[in-house]
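Chemist: Have a look at the structure that comes next, please.
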Amino acid sequence: MPSGAQLLVRTLKAHGVDTIFGVPGIHNLAIYDALSDEPAIRLVTTRDERGAGHMADGYARATGRPGVCLTVPGPGVTNALTAIGEAYADSSPVLLLASQLDSRTAGVDREDFHQLRNSEHVLASVTQWGARPSDGGNIGSAVDEAFRRFEVGRPRPCYIDLPMDLLSANADEPAVEQPVGAGRREAQALPVGEIDRAARMLMMARRPLILAGGGAWKAAGAIQRLAERLSIPVVMTSSGKGVIPEDHRLSLGDGWMAHQLGREALEQADVVLAVGVRFGPLTTSWWTRRIGGEIIHVDIDPAEIGKHFSTVVGIAADAAPIVDALAATLAGLDANGRSAWLDVIAVRERRRDAIRKRAPDAVATLEGLRRVLTDETLVFNDINGIACWGAGAFVCRRPRTFHYPIGFGCLGFALPAAIGAKLARPDVPVLVLSGDGGFLFSGHELATAVAERASVVAVVFNDHAYGTIKADQAHRYPGRSTGGDLHSPDFVGYAAAFGVRACRVDSVRDVPEAVAAAMQQEGPSLIEAPCPQALPPWIEVEEG
Ligand SMILES: Cc1ncc(C[n+]2csc(CCOP(=O)(O)OP(=O)(O)O)c2C)c(N)n1
Ligand SMILES: [Mg+2]
């Protein structure tokens, strides 16, 4: 009979898990022991649990499959919370395997070692679902349930709390074991009436617009077909960046801070087809943007429909079959000769000129990076001046290749998420764009990159400051500067201490060339670049 830990490992493997990111401790050693007999699962030991959570998130973003992280109770769980919170906000499927005290005392406040009181309440804030099996035999079905939820709903994190006694004891599996994959998404009947209504609205519209978000990536091909069929301009959110290539004739680009690109389109459209969009604060400028047209909203999460803007047609379903059906319905109609209702390329160019005026170095650097990176390259951004301008200035051609910690906005995301992505997809180049402030939130994970031979290239833009915040402060509290300056280390020396190849460039505009060279090398590398402080893109200024 297997132990609870062996049953856990067996079930994870059956769900295709091939990598687990974690930190060992006395409560989860039974899992480590079971993993030592399982060559199909790679165990990646990280330098804290936040790193493990972001790596699992990066793994999920790179593959579309759930990422798994493993922690001790108490501080292991609280360390992981920030990363799990980011995955929750960005709808990234991460499974947190949180070990737990003994099952008989886990719920009793004994101020035990590693005890986190009411841990289920703490975790509830950043997960869609979780369970603490009461019997070792139920561990497998808990894992099945988490994977079922990743498959059928909005793919937000789940956790399983694993009491240490259940992990070590024999696990009596229930007589009827849930077969792997049971309960997966049943083929749902298409809401034909709603699809017809939406198709008619799009056909009749004089100024139709598609708004594609992070939930639209699986529908990318159908969205492009539909857009081309009716010549509908497409605005993407930062999570939806690249759903259609941003240099496509119908792409209005990334609508972050909608003032940059596509503001007019959102305001003037008479019908907006929103796909996999949550109408978040960055897309809508904190819900102040006027969206003029009637909204057709397709989203996997019924709670999102009508949450911020009223919808005329709301379809709570997987986006891909719905947009496919819409495109097929409209294929029969005569849309030939229809041209886009606004000059998409002129709007794009005008906005590009405006951001170039505001942040010339950032735009030049991002344009240079575009030239040296392949379309498949995965870029992981932190929250920093240059990276934030990437929303408007980096032309992304593939969905899910340009990532921000966009929902929770946590500094320190980029490096560990990139390491998780690179370990999942060693075949694609992976780039980190970080600031000097954010990099040190998780820079110690360079040790994991070295240990795992993860060939990520990290750029650290060093302005010796929490620069965007300092600039924001100077704008809102003129002449009163406090808290924003940093004494940053010599990043080349810092990287060298980990055994990471590193160099410093003289100008931020030299970054693309240095990145191109670093991409040719095996193993992780770091490039430190000076960078100017500029007003961040989220501060709106009147554009000329
Ligand atoms: C966990 C967390 N703490 C604080 C912030 C607020 N914050 C946003 S950007 C920023 C400055 C980042 O500095 P740096 O990484 O050096 O980039 P720069 O702005 O200088 O380009 C700060 C402190 C945040 N986003 N996340
Ligand atoms: Mg900085």
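In the structure tokens, chains take letters A, B, ... by order of appearance, with residues numbered from 1 within each chain and ligands from 1 in the order shown.
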Taking only residues of chain A that have an atom at most 9 Å from an atom of ligand 1, what is each one's shortest atom pair and its distance in Å to one decimal, using only C-alpha atoms and all ligand atoms, in chain and number order, as a Markdown table?

Modeler:
```
| residue | atom | partner | partner_atom_place_in_ligand_line | distance |
| --- | --- | --- | --- | --- |
| A:Thr82 | CA | ligand 1 | 1 (C) | 8.0 |
| A:Asp382 | CA | ligand 1 | 15 (O) | 7.0 |
| A:Ile383 | CA | ligand 1 | 9 (S) | 5.1 |
| A:Asn384 | CA | ligand 1 | 21 (O) | 3.6 |
| A:Gly385 | CA | ligand 1 | 21 (O) | 3.8 |
| A:Ile386 | CA | ligand 1 | 21 (O) | 6.2 |
| A:Ala387 | CA | ligand 1 | 21 (O) | 7.7 |
| A:Cys388 | CA | ligand 1 | 21 (O) | 8.5 |
| A:Pro405 | CA | ligand 1 | 25 (N) | 8.9 |
| A:Phe408 | CA | ligand 1 | 25 (N) | 8.0 |
| A:Gly409 | CA | ligand 1 | 25 (N) | 5.0 |
| A:Cys410 | CA | ligand 1 | 26 (N) | 3.9 |
| A:Leu411 | CA | ligand 1 | 26 (N) | 4.2 |
| A:Gly412 | CA | ligand 1 | 1 (C) | 7.1 |
| A:Phe413 | CA | ligand 1 | 1 (C) | 8.9 |
| A:Ser434 | CA | ligand 1 | 15 (O) | 5.9 |
| A:Gly435 | CA | ligand 1 | 15 (O) | 3.3 |
| A:Asp436 | CA | ligand 1 | 16 (O) | 4.0 |
| A:Gly437 | CA | ligand 1 | 16 (O) | 3.4 |
| A:Gly438 | CA | ligand 1 | 15 (O) | 3.5 |
| A:Phe439 | CA | ligand 1 | 15 (O) | 6.1 |
| A:Leu440 | CA | ligand 1 | 15 (O) | 8.2 |
| A:Phe441 | CA | ligand 1 | 1 (C) | 7.9 |
| A:Val460 | CA | ligand 1 | 15 (O) | 8.3 |
| A:Phe461 | CA | ligand 1 | 21 (O) | 6.6 |
| A:Asn462 | CA | ligand 1 | 16 (O) | 6.4 |
| A:Asp463 | CA | ligand 1 | 20 (O) | 5.7 |
| A:His464 | CA | ligand 1 | 16 (O) | 6.8 |
| A:Ala465 | CA | ligand 1 | 20 (O) | 5.0 |
| A:Tyr466 | CA | ligand 1 | 13 (O) | 3.5 |
| A:Gly467 | CA | ligand 1 | 20 (O) | 3.3 |
| A:Thr468 | CA | ligand 1 | 19 (O) | 3.7 |
| A:Ile469 | CA | ligand 1 | 11 (C) | 5.4 |
| A:Lys470 | CA | ligand 1 | 19 (O) | 7.6 |
| A:Ala471 | CA | ligand 1 | 19 (O) | 8.4 |
| A:Gly484 | CA | ligand 1 | 23 (C) | 7.8 |
| A:Leu486 | CA | ligand 1 | 16 (O) | 8.2 |
| A:Ser488 | CA | ligand 1 | 16 (O) | 9.0 |
| A:Cys531 | CA | ligand 1 | 21 (O) | 7.8 |
| A:Pro532 | CA | ligand 1 | 21 (O) | 8.5 |
| A:Gln533 | CA | ligand 1 | 21 (O) | 7.0 |
| A:Ala534 | CA | ligand 1 | 21 (O) | 8.4 |
| A:Pro536 | CA | ligand 1 | 19 (O) | 8.0 |
```

Chemist: Tell me which protein, DNA and RNA residues are within 7 Å of range 58-74 of chain A, counting only C-alpha atoms, leaving out same-chain ones fewer than 2 positions away, and put them as number ranges by chain.

Modeler: A: 20-25, 27-28, 49, 52-56, 76-78, 92-100, 114-116, 400, 417-418, 420-421, 424-425

Chemist: Between A:Ala5, A:Leu123, A:Leu250, A:Ala449, which is the closest to Leu209 in chain A once you count only C-alpha atoms?

Modeler: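 Closest candidate: A:Leu250.
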
Chemist: Can you pull out every residue within 9 Å of Ala529 in chain A, counting only C-alpha atoms, but drop anything in the same chain fewer than 3 positions away, and send it as a list in words?

Modeler: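 That gives Val459, Val460, Phe461, Asn462, Asp463, Cys503, Arg504, Val505, Asp506, Ser507, Val508, Arg509, Asp510 and Val511 of chain A.
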
Chemist: I'd like to know which of A:Asp270, A:Asp196, A:Asp485, A:Asp301 is closest to ligand 2, using only C-alpha atoms and all ligand atoms.

Modeler: A:Asp485

Chemist: So which one's closest to ligand 2, A:Asp102, A:Asp109, A:Glu528, A:Glu304? Using only C-alpha atoms and all ligand atoms, please.

Modeler: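 That would be A:Glu528, the residue with the smallest distance to ligand 2.
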
Chemist: Write out as number ranges by chain the set of residues from range 39-138 of chain A that DSSP, computed on the backbone, places in alpha helix (DSSP H).

Modeler: A: 49-63, 75-89, 119-124

Chemist: Rank nothing, just name the residue among A:Met164, A:Ile406, A:Leu535, A:Ala14 nearest to Tyr88 in chain A, using only C-alpha atoms.

Modeler: A:Ile406
